[in-house]
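Engineer: mmCIF, C-alpha atoms, saved as protein08.cif, coming up:
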data_target
#
loop_
_atom_site.label_atom_id
_atom_site.label_comp_id
_atom_site.auth_asym_id
_atom_site.auth_seq_id
_atom_site.Cartn_x
_atom_site.Cartn_y
_atom_site.Cartn_z
CA MET Y 131 61.87 79.11 8.59
CA THR Y 132 60.88 78.72 4.99
CA PRO Y 133 60.38 81.98 3.09
CA LEU Y 134 56.90 82.61 1.89
CA ASP Y 135 57.50 81.97 -1.80
CA SER Y 136 58.77 78.49 -1.23
CA LEU Y 137 56.32 77.63 1.53
CA ALA Y 138 53.57 76.39 -0.75
CA PRO Y 139 55.84 74.12 -2.83
CA SER Y 140 57.43 72.66 0.28
CA LEU Y 141 54.04 71.97 1.85
CA GLY Y 142 52.83 70.54 -1.42
CA ALA Y 143 55.78 68.20 -1.43
CA ARG Y 144 55.21 67.06 2.14
CA PHE Y 145 51.47 66.56 1.76
CA SER Y 146 50.97 65.48 -1.77
CA GLY Y 147 47.61 66.25 -3.25
CA ALA Y 148 46.42 68.36 -0.38
CA ILE Y 149 47.03 71.82 -1.80
CA LEU Y 150 44.78 72.75 -4.69
CA GLU Y 151 45.97 76.32 -5.29
CA SER Y 152 48.32 78.78 -3.70
CA SER Y 153 49.30 82.37 -4.20
CA VAL Y 154 51.65 84.80 -2.52
CA LYS Y 155 51.06 88.54 -2.42
CA GLY Y 156 53.33 90.72 -0.37
CA ARG Y 157 53.45 89.26 3.09
CA GLU Y 158 50.40 87.06 2.69
CA ILE Y 159 50.07 83.54 1.39
CA ALA Y 160 46.74 82.07 0.41
CA LEU Y 161 46.22 78.32 0.14
CA ALA Y 162 43.24 76.37 -1.07
CA VAL Y 163 43.34 72.89 0.38
CA ARG Y 164 41.19 69.78 0.54
CA GLY Y 165 39.16 69.57 3.70
CA ASP Y 166 40.35 66.16 4.80
CA ARG Y 167 44.01 67.24 4.74
CA ALA Y 168 43.50 70.71 6.15
CA ILE Y 169 44.50 69.87 9.68
CA ASP Y 170 47.90 68.63 8.53
CA ILE Y 171 48.52 71.83 6.61
CA LEU Y 172 47.48 73.89 9.62
CA ALA Y 173 49.77 71.97 11.94
CA ALA Y 174 52.64 72.42 9.50
CA LEU Y 175 51.95 76.14 9.26
CA LYS Y 176 51.89 76.40 13.03
CA GLU Y 177 55.33 74.77 13.13
CA GLU Y 178 56.50 77.26 10.53
CA GLY Y 179 55.73 80.11 12.86
CA PHE Y 180 52.10 80.98 12.20
CA ASN Y 181 51.20 80.93 15.83
CA PHE Y 182 48.02 83.00 15.92
CA LEU Y 183 44.60 82.00 14.62
CA ALA Y 184 42.95 85.30 13.85
CA ASP Y 185 39.72 84.08 12.30
CA LEU Y 186 37.88 80.89 11.52
CA THR Y 187 34.84 81.19 9.36
CA ALA Y 188 32.87 79.31 6.74
CA VAL Y 189 31.65 80.01 3.23
CA ASP Y 190 28.71 78.56 1.31
CA ASN Y 191 29.53 78.47 -2.41
CA LEU Y 192 26.10 77.42 -3.57
CA TYR Y 193 25.68 80.33 -5.97
CA LEU Y 194 29.35 81.18 -6.46
CA GLY Y 195 30.32 77.76 -7.68
CA GLY Y 196 33.85 76.61 -7.15
CA THR Y 197 35.49 73.48 -5.96
CA GLU Y 198 33.00 72.33 -3.37
CA ARG Y 199 29.94 73.80 -1.71
CA PHE Y 200 31.34 74.50 1.73
CA ALA Y 201 34.69 75.96 2.68
CA VAL Y 202 36.18 76.64 6.08
CA VAL Y 203 38.54 79.59 6.02
CA TYR Y 204 41.36 80.01 8.52
CA HIS Y 205 43.25 83.27 8.90
CA LEU Y 206 46.62 82.73 10.53
CA LEU Y 207 49.09 85.35 11.63
CA SER Y 208 52.73 84.93 12.43
CA HIS Y 209 54.02 87.30 15.03
CA SER Y 210 57.63 86.29 14.57
CA ARG Y 211 57.61 86.48 10.79
CA VAL Y 212 55.03 89.28 10.53
CA GLU Y 213 53.14 87.45 7.82
CA ARG Y 214 49.66 86.19 7.16
CA ALA Y 215 48.37 82.88 5.86
CA VAL Y 216 44.87 82.24 4.62
CA VAL Y 217 43.86 78.61 4.33
CA LYS Y 218 40.62 77.75 2.58
CA ALA Y 219 39.56 74.14 3.16
CA PHE Y 220 36.89 72.85 0.79
CA LEU Y 221 34.32 70.39 2.05
CA PRO Y 222 31.84 68.34 0.03
CA GLU Y 223 28.18 69.12 0.34
CA GLU Y 224 26.98 65.68 1.31
CA ARG Y 225 29.37 65.42 4.23
CA PRO Y 226 30.61 68.80 5.47
CA SER Y 227 32.96 67.57 8.12
CA ILE Y 228 36.49 68.56 9.01
CA ALA Y 229 38.92 67.86 11.82
CA SER Y 230 38.72 70.38 14.60
CA ALA Y 231 41.51 72.92 15.08
CA VAL Y 232 40.95 73.07 18.84
CA PRO Y 233 44.01 70.92 19.68
CA LEU Y 234 46.15 73.48 17.85
CA TRP Y 235 44.49 76.74 18.90
CA GLY Y 236 42.10 77.03 21.79
CA THR Y 237 40.41 80.03 20.25
CA ALA Y 238 38.97 77.79 17.55
CA ASP Y 239 36.48 76.44 20.09
CA TRP Y 240 33.73 79.03 19.83
CA GLN Y 241 34.54 79.92 16.26
CA GLU Y 242 33.91 76.34 15.19
CA ARG Y 243 30.71 76.32 17.20
CA GLU Y 244 29.61 79.38 15.28
CA ALA Y 245 30.41 77.72 11.95
CA PHE Y 246 28.46 74.68 13.07
CA ASP Y 247 25.52 76.79 14.21
CA LEU Y 248 25.24 78.82 11.04
CA TYR Y 249 26.42 76.40 8.34
CA GLY Y 250 26.09 72.92 9.76
CA ILE Y 251 29.76 72.03 9.33
CA THR Y 252 30.74 69.40 11.89
CA PHE Y 253 34.15 69.50 13.44
CA GLU Y 254 35.42 66.10 14.49
CA GLY Y 255 37.16 66.09 17.82
CA HIS Y 256 35.51 69.28 19.06
CA PRO Y 257 34.92 69.08 22.81
CA ASN Y 258 31.47 70.68 22.82
CA LEU Y 259 29.89 71.09 19.40
CA VAL Y 260 26.54 72.72 20.15
CA ARG Y 261 24.88 75.85 18.84
CA LEU Y 262 26.46 79.09 19.91
CA MET Y 263 24.15 81.99 19.23
CA ASN Y 264 20.87 80.70 17.84
CA PRO Y 265 18.31 79.28 20.28
CA ASP Y 266 18.64 75.54 20.77
CA TYR Y 267 15.18 74.80 19.43
CA ILE Y 268 15.97 76.18 15.98
CA GLU Y 269 16.22 73.58 13.27
CA GLY Y 270 18.36 74.13 10.26
CA HIS Y 271 21.40 76.27 9.69
CA PRO Y 272 20.42 79.83 8.93
CA LEU Y 273 23.36 81.17 6.96
CA ARG Y 274 23.25 78.52 4.26
CA LYS Y 275 22.31 80.05 0.96
CA ASP Y 276 19.20 77.91 0.61
CA TYR Y 277 17.78 78.99 3.96
CA PRO Y 278 15.24 81.82 3.52
CA ARG Y 279 16.44 85.12 4.87
CA GLN Y 280 13.16 85.78 6.60
CA GLY Y 281 13.28 82.43 8.28
CA VAL Y 282 10.73 79.68 8.48
CA GLY Y 283 8.62 81.21 11.20
CA GLU Y 284 10.97 81.37 14.18
CA ARG Y 285 10.21 85.03 14.62
CA ARG Y 286 6.45 84.52 14.84
CA HIS Y 287 6.07 81.79 17.44
CA PHE Y 288 5.59 83.82 20.56
CA PRO Y 289 2.53 84.25 22.76
CA VAL Y 290 0.63 87.47 22.28
CA ILE Y 291 0.12 89.51 25.43
CA GLU Y 292 -3.11 91.41 25.12
CA ARG Y 293 -3.69 94.71 26.80
CA ARG Y 294 -5.02 93.45 30.07
CA ILE Y 295 -7.05 96.53 30.84
CA GLY Y 296 -9.38 97.77 28.16
CA THR Y 297 -8.93 101.26 26.89
CA LYS Y 298 -12.32 102.60 26.14
CA SER Y 299 -11.10 106.10 25.60
CA GLY Y 300 -9.51 104.85 22.44
CA GLY Y 301 -6.23 106.62 22.70
CA ARG Y 302 -6.99 109.25 20.14
CA LEU Y 303 -4.91 112.34 20.64
CA MET S 239 -14.21 99.26 40.25
CA THR S 240 -16.89 97.62 38.15
CA GLY S 241 -17.70 98.25 34.55
CA ASP S 242 -20.68 100.50 35.11
CA ILE S 243 -19.11 103.49 36.75
CA ARG S 244 -21.11 106.52 35.86
CA THR S 245 -19.02 109.52 35.19
CA ASN S 246 -20.06 112.44 37.28
CA ALA S 247 -18.52 115.63 38.46
CA LEU S 248 -16.77 114.02 41.37
CA THR S 249 -15.15 111.25 39.38
CA THR S 250 -14.04 113.52 36.56
CA THR S 251 -12.20 115.72 38.99
CA LEU S 252 -10.72 112.66 40.61
CA GLU S 253 -9.81 111.23 37.23
CA ALA S 254 -8.15 114.48 36.29
CA ALA S 255 -6.15 114.47 39.48
CA VAL S 256 -5.12 110.85 39.12
CA ASN S 257 -4.18 111.30 35.48
CA TRP S 258 -2.20 114.40 36.31
CA GLY S 259 -0.28 112.48 38.92
CA ARG S 260 0.35 109.52 36.64
CA LYS S 261 1.40 111.41 33.57
CA ASN S 262 3.81 113.66 35.38
CA SER S 263 5.60 110.82 37.07
CA LEU S 264 6.11 108.21 34.39
CA TRP S 265 9.06 106.25 35.66
CA PRO S 266 10.73 104.53 32.73
CA MET S 267 12.15 101.06 32.60
CA PRO S 268 14.80 101.38 29.92
CA PHE S 269 15.03 98.31 27.75
CA GLY S 270 17.90 99.35 25.54
CA THR S 271 19.25 96.48 23.50
CA ALA S 272 21.09 98.18 20.63
CA CYS S 273 21.99 101.54 19.14
CA CYS S 274 18.76 103.20 20.28
CA GLY S 275 20.01 102.51 23.79
CA ILE S 276 22.74 105.08 23.21
CA GLU S 277 20.20 107.67 22.21
CA LEU S 278 18.18 106.67 25.25
CA MET S 279 21.21 107.47 27.36
CA ALA S 280 21.46 110.81 25.59
CA LEU S 281 17.82 111.40 26.36
CA LEU S 282 18.43 110.84 30.04
CA ALA S 283 21.58 112.93 30.08
CA ALA S 284 21.92 116.63 30.66
CA ARG S 285 21.13 118.31 27.34
CA THR S 286 17.80 116.65 26.68
CA ASP S 287 16.76 115.79 30.15
CA LEU S 288 13.86 113.43 30.59
CA ALA S 289 13.79 114.03 34.30
CA ARG S 290 12.32 117.47 33.65
CA PHE S 291 9.12 115.74 32.63
CA GLY S 292 8.80 113.53 35.60
CA ALA S 293 10.72 110.52 34.35
CA GLU S 294 12.98 111.00 37.27
CA ALA S 295 13.60 107.55 38.63
CA ILE S 296 15.16 105.29 36.04
CA ARG S 297 14.79 102.03 37.82
CA PHE S 298 16.12 98.95 36.12
CA SER S 299 13.55 96.93 37.93
CA PRO S 300 10.24 96.45 36.18
CA ARG S 301 8.46 96.15 39.50
CA GLN S 302 9.15 99.80 40.24
CA SER S 303 8.43 101.40 36.90
CA ASP S 304 5.39 102.15 34.81
CA LEU S 305 6.81 102.99 31.40
CA LEU S 306 8.72 100.47 29.32
CA ILE S 307 10.90 102.05 26.64
CA VAL S 308 11.89 99.37 24.15
CA ALA S 309 14.97 100.83 22.50
CA GLY S 310 16.65 98.64 19.94
CA ARG S 311 16.07 95.52 17.93
CA ILE S 312 14.57 92.57 19.71
CA SER S 313 15.85 89.19 18.59
CA ILE S 314 14.11 85.87 18.92
CA LYS S 315 16.18 85.06 21.97
CA MET S 316 15.28 88.36 23.63
CA MET S 317 11.53 88.29 23.02
CA PRO S 318 10.61 85.96 25.90
CA VAL S 319 12.74 88.14 28.16
CA LEU S 320 10.91 91.25 27.01
CA GLN S 321 7.58 89.59 27.59
CA ARG S 322 8.60 88.51 31.05
CA ILE S 323 9.74 92.04 31.90
CA TYR S 324 6.50 93.49 30.59
CA GLU S 325 4.44 91.05 32.65
CA GLN S 326 6.40 91.92 35.76
CA MET S 327 5.48 95.59 35.55
CA PRO S 328 2.50 96.49 37.70
CA GLU S 329 -0.52 98.21 36.19
CA PRO S 330 -0.92 100.95 34.99
CA LYS S 331 1.82 100.55 32.45
CA TRP S 332 2.58 101.97 29.05
CA VAL S 333 5.09 101.05 26.36
CA ILE S 334 7.05 103.33 24.07
CA SER S 335 8.54 101.55 21.09
CA MET S 336 11.62 103.62 20.29
CA GLY S 337 13.21 103.49 16.91
CA ALA S 338 12.56 101.63 13.70
CA CYS S 339 13.68 98.22 14.92
CA ALA S 340 11.37 98.01 17.89
CA SER S 341 8.47 99.40 15.87
CA SER S 342 8.80 97.28 12.77
CA GLY S 343 12.06 95.39 12.64
CA GLY S 344 13.85 98.27 10.98
CA VAL S 345 16.29 97.33 8.25
CA PHE S 346 16.69 93.85 9.69
CA ASP S 347 14.11 91.71 7.93
CA THR S 348 15.74 88.45 8.96
CA TYR S 349 14.89 85.22 10.68
CA SER S 350 16.15 86.36 14.03
CA VAL S 351 14.72 89.88 14.46
CA ILE S 352 11.15 90.43 15.63
CA GLN S 353 9.41 92.60 13.09
CA GLY S 354 7.89 94.97 15.58
CA VAL S 355 7.38 94.28 19.27
CA ASP S 356 3.74 95.27 18.93
CA GLN S 357 3.10 91.82 17.51
CA PHE S 358 3.51 90.39 20.99
CA ILE S 359 3.17 93.16 23.56
CA PRO S 360 0.83 96.14 23.50
CA VAL S 361 2.51 99.37 22.45
CA ASP S 362 1.18 102.85 23.06
CA ILE S 363 3.62 105.18 21.32
CA TYR S 364 5.86 104.51 18.33
CA VAL S 365 8.83 106.80 17.85
CA PRO S 366 10.31 106.55 14.35
CA GLY S 367 13.96 107.09 13.63
CA CYS S 368 17.15 105.19 13.31
CA PRO S 369 17.94 106.20 15.95
CA PRO S 370 15.39 108.85 16.80
CA ARG S 371 16.81 112.09 18.07
CA PRO S 372 16.34 112.46 21.81
CA GLU S 373 13.94 115.29 21.09
CA GLY S 374 11.90 112.83 19.06
CA VAL S 375 11.53 110.46 21.97
CA LEU S 376 10.73 113.44 24.15
CA ASP S 377 7.93 114.32 21.76
CA GLY S 378 6.74 110.75 22.10
CA LEU S 379 6.72 111.06 25.85
CA LEU S 380 4.72 114.26 25.68
CA LYS S 381 2.19 112.55 23.42
CA LEU S 382 2.03 109.73 25.93
CA GLN S 383 1.34 112.25 28.65
CA ARG S 384 -1.58 113.60 26.64
CA LEU S 385 -2.78 110.05 26.15
CA VAL S 386 -2.61 109.36 29.86
CA GLY S 387 -4.45 112.60 30.55
CA LYS S 388 -7.40 111.34 28.57
CA GLU S 389 -7.87 108.14 30.52
CA SER S 390 -10.84 107.50 32.73
CA PHE S 391 -11.63 105.09 35.52
CA SER S 392 -13.81 102.97 33.30
CA ASP S 393 -10.71 102.18 31.23
CA TYR S 394 -9.41 100.21 34.16
CA ALA S 395 -12.54 98.19 34.58
CA PRO S 396 -12.11 94.59 33.51
CA ALA S 397 -12.90 94.35 29.83
CA VAL S 398 -15.99 92.18 30.17
CA GLU S 399 -17.74 92.98 26.92
CA ARG S 400 -14.97 91.73 24.58
#
Since I need it in another form, could you write the structure as structure tokens?
Structural biologist:
Amino acid sequence: MTPLDSLAPSLGARFSGAILESSVKGREIALAVRGDRAIDILAALKEEGFNFLADLTAVDNLYLGGTERFAVVYHLLSHSRVERAVVKAFLPEERPSIASAVPLWGTADWQEREAFDLYGITFEGHPNLVRLMNPDYIEGHPLRKDYPRQGVGERRHFPVIERRIGTKSGGRL
Amino acid sequence: MTGDIRTNALTTTLEAAVNWGRKNSLWPMPFGTACCGIELMALLAARTDLARFGAEAIRFSPRQSDLLIVAGRISIKMMPVLQRIYEQMPEPKWVISMGACASSGGVFDTYSVIQGVDQFIPVDIYVPGCPPRPEGVLDGLLKLQRLVGKESFSDYAPAVER
């Protein structure tokens, strides 16, 4: 079980070029990795004892800038070591695609579906990559920074039910 | 009843009796989707008791109720459901839009929240608040009772002259 301070160098040695940045603070290690090598890093971290995937989310860096536009963020916990690992996998804008973490952790299933639904990041090898919470007829990915907050009209396309019975008294109190 | 009912002494008394019966037995269909649903539960609980005013039978079936209380934000996935529930209620029916989200979308001006259910279903009473105090919704119900008391039979004639 590699101690936290030497975890990043040892991973960097095993997977050369994958880790872009790393930092250790207390009991937490944060790694910024390239998206195409992220699954190897995650598998290695799982072997090291980070058995629990606490969170899987995505970030759109359109206005923040940074390495690439999209990033998938994994929060891992280790129950045996009582430590945390945060892995940020950067994906290019023209092809936001990353290997799915479902073979490693089953809980990644719906979390990856959510990231796909809201950001359009495809997860290769996912058993059922369809929208999770938005209606299926929605086009586009609403949480991208270039999607208008008020939508493109999804909230207006419903039939109007008129008052079937006229109210001639007007309803004035 | 056709559109040319003349109001006379007999029908006004009958209207008054019918309105009295309807307004004092408004059975709500609670449509609580979010935080206003909690305040709706408080409204129906012991301290502020809606049953005192006739809203005795809280039936979760629209077929057996005549007042729809929309409590909470309505998302784009929920709107067809709300419309279906409203259509399943038999006439006469009224709608109270409880809280800011049901009345206007509230603080959630986003792609997925309907900015006011009155865009798609007819609403009679709007109760502001986030969430409104139970006494606020009670005030809304009392206003609705006054509204119902003013109805007449010709209101329920088919609206032919639109």
Engineer: Rounded to one decimal in Å, what is the spacing between atom CA of Y:Ala229 and atom CA of Y:Pro278?
Structural biologist: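 Atom CA of Y:Ala229 sits 28.7 Å away from atom CA of Y:Pro278.
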Engineer: Show me, as a ChimeraX atom specification, the residues that have an atom within 10 Å of stretch 264-266 of chain Y when counting all atoms listed in the file, minus same-chain residues fewer than 2 positions from it.
Structural biologist: /Y:244,247-248,260-262,268-269,271-272,284 /S:313-315,350
Engineer: For S:Ile334, which residue out of S:Cys368, S:Met267, S:Met317, S:Ala272 is the nearest one, using all atoms listed in the file?
Structural biologist: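 Nearest candidate to S:Ile334 out of S:Cys368, S:Met267, S:Met317, S:Ala272: S:Met267.
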Engineer: Taking 5 positions as the minimum chain separation for residues in the same chain, which residues sit within 10 Å of S:Leu278 when counting only C-alpha atoms? Answer as a list in words.
Structural biologist: Pro268, Phe269, Gly270, Cys273, Ala283, Leu288, Ile307, Val308, Ala309, Gly310, Met336, Pro369, Pro370, Arg371, Pro372 and Val375 of chain S
Engineer: Spell out the residues picked by the PyMOL selection byres ((chain Y and resi 279) around 8) here, as an NGL selection string.
Structural biologist: (:Y and (272 or 277-278 or 280-281)) or (:S and (347-349))
Engineer: Can you turn the PyMOL selection byres ((chain S) within 10 of (chain Y)) into a concrete residue list for this file, as number ranges by chain?
Structural biologist: S: 313-315, 317-318, 321, 324-325, 329-332, 346-353, 356-362, 381-382, 384-400
Engineer: Please list as a VMD selection string every residue within 6 Å of Y:Ser227, counting all atoms listed in the file and excluding residues in the same chain fewer than 4 positions away.
Structural biologist: chain Y and resid 251 to 253
Engineer: Need the shell around S:Phe298: protein/DNA/RNA residues with any atom at most 10 Å away, counting all atoms listed in the file. Skip same-chain ones fewer than 2 positions apart. Format as a list in words?
Structural biologist: Pro266, Met267, Pro268, Phe269, Ala295, Ile296, Pro300, Arg301, Gln302 and Ser303 of chain S
